[in-house]
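Written below as structure tokens is the structure these notes are about.
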Amino acid sequence: MINQAVYDKLVAQFEAYFGKKPEVVSYAPGRIEVLGNHTDYNEGFVFSAAINSGTFFAIAPNTLGKNRVVAGDLMHEVSFPLSGAKPVKTDTWANYVIGTVAGLDNIKPQTTGFDGMFLGNVPMGFGLSSSAALEMCTAKAVCELYGIQADTVTLAKIGQAAEHDYAGCSCGLLDQISSLCGAYGKLVKTDFRTLKVETVDIGPDVCFLMCNPHAKHALVDGQYNTRRKACEDAARFFAKTLSHPVTALRDVSMAEWEAYKDGLDPVVANRAAHPIGEDERVLKGAALLEAGDLAAFGQLLFDSHESSRVMFENSCKELDDVVAIARTVPGVLGARLSGGGFGGSVVVLVNARDAETAAKAIASAYAAKVGGGATCEVSRIQPSQGASIVYSTVAH
């Protein structure tokens, strides 16, 4: 089992706090974005992976007519009604649970309350989506306890709605889908037009490093919105210009972009080139993985970052420095910013046998290059299993 120590600690804390054993324990991992940047809202393709860190949720019914949830790291409780729960303004971590339970209540209303507790070990500050891990382990546990039937896309959308309506974050579906659909040694390939999900083998010989140089996000909301508007403006231009249907940039090839880009504002043209190129990199990457060419796949990560830096301009000096350093480190196959950009972290593809030395080399070289006490935290990531029920006494 992944994270046995975390599981054991949670079960012991649950029994001590509630005076009973849990009837269900679920697990959901965090995620990394590997390839396919800003393609989700352009109806494109993304490679992601569930990671080897995540969150457990222990649950048992109660007779109190309300739900109680405890954050296992804080040992602090929040209670909320069986239906009609509103977002809380303090202890806002509970909103991920409350929003998820509210979404499931729309499928099958609760008739009894529950006692729940969660505990995880997703590294904070790396952009590994601990929130989606909490939503999906909550969803899995509640579904098991109450016999709720819901498919992957439905659960992902419930988690997304919890983010939007309860936590106030307008995220896509990538985080939740990645947490649900991961598999050991595999990447998750998602088509954001059809929401078709498949896993693609990457094998045990490579792993990932997440590198956090503590780059502050600068004007994230405004920058994100201007990039999205540019992509939408470009899609409308190509819909009028090309002879085939275009509803999003996913429908435009790089060859078509090259042929007609001069009809666009130069900045808009550059912005459009990034997701168009990312879609092609994801599809090319799938073929390279099938052929077992990990070196060429890694080069696509470097190409992706260069596109982010030059065309989409959603990188920053700290991330660029990490990627430049990674290029020089033995065993590194590729590196790029991970997530929305404008700060955050870098994901590095590395030969598993070189992971430890590469991590130390990147951290050391970054500190030396930047100076002034600057640090880059590095965490090893292995593509791992998706959300699951790890313990249950419930009979359906």
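Within each chain, counting starts at residue 1; across the structure tokens, chains are named A, B, ... in the order shown, with ligands numbered 1 upward in that order.
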Report as a VMD selection string all protein, DNA and RNA residues lying within 10 Å of Glu23 of chain A, evaluated on only C-alpha atoms, omitting residues in the same chain fewer than 4 positions from it.
chain A and resid 58 to 61 141 144 to 145 391 to 394
Residues near segment 275-283 of chain A, anyone? I mean within 8 Å using only C-alpha atoms, not counting same-chain ones fewer than 6 positions away, as number ranges by chain.
A: 35-39, 42, 44-47, 249-250, 252-254, 300, 304
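Residue nearest Ala71 of chain A, chosen from A:Gln13, A:Thr111, A:Ser379, A:Ser26 and counting only C-alpha atoms: A:Gln13.
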Can you list, as a PyMOL selection string, all residues belonging to segment 266-367 of chain A that DSSP tags as alpha helix (DSSP H)?
chain A and resi 266-291+294-307+317-327+355-367
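When atom CA of Ile107 of chain A is paired with atom CA of His396 of chain A, their separation reads 16.8 Å.
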Mind dumping a table of every segment 248-320 of chain A residue within 12 Å of segment 210-214 of chain A, with the nearest atom pair and its distance in Å to one decimal, using only C-alpha atoms, sorted by chain and rising number, as a Markdown table?
```
| residue | atom | partner | partner_atom | distance |
| --- | --- | --- | --- | --- |
| A:Cys316 | CA | A:Pro213 | CA | 10.8 |
| A:Lys317 | CA | A:Pro213 | CA | 10.1 |
| A:Glu318 | CA | A:Pro213 | CA | 6.3 |
| A:Leu319 | CA | A:Pro213 | CA | 7.2 |
| A:Asp320 | CA | A:Pro213 | CA | 10.3 |
```
Which residues come within 10 Å of Tyr260 of chain A, counting only C-alpha atoms, excluding same-chain residues fewer than 2 positions away, as a count of residues only?
13
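Minimum atom-to-atom distances from A:Ser48, A:Ser131, A:Ile389, A:Asp354 to Thr199 of chain A were compared using only C-alpha atoms, and the lowest value belongs to A:Ser48.
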Set out as a Markdown table a contact list for segment 122-208 of chain A and segment 112-118 of chain A with a cut-off of 12 Å, giving each residue of segment 122-208 of chain A that qualifies its closest atom pair and distance in Å to one decimal, counting only C-alpha atoms, ordered by chain and rising residue number.
```
| residue | atom | partner | partner_atom | distance |
| --- | --- | --- | --- | --- |
| A:Ser130 | CA | A:Phe118 | CA | 11.7 |
| A:Ser131 | CA | A:Phe118 | CA | 11.9 |
| A:Ala133 | CA | A:Phe118 | CA | 10.5 |
| A:Leu134 | CA | A:Phe118 | CA | 7.8 |
| A:Glu135 | CA | A:Phe118 | CA | 10.6 |
| A:Met136 | CA | A:Phe118 | CA | 11.6 |
| A:Cys137 | CA | A:Phe118 | CA | 8.6 |
| A:Thr138 | CA | A:Phe118 | CA | 8.4 |
| A:Ala139 | CA | A:Gly116 | CA | 11.7 |
| A:Ala141 | CA | A:Gly116 | CA | 9.1 |
| A:Val142 | CA | A:Phe114 | CA | 8.8 |
| A:Leu145 | CA | A:Phe114 | CA | 9.0 |
| A:Tyr146 | CA | A:Thr112 | CA | 9.1 |
```
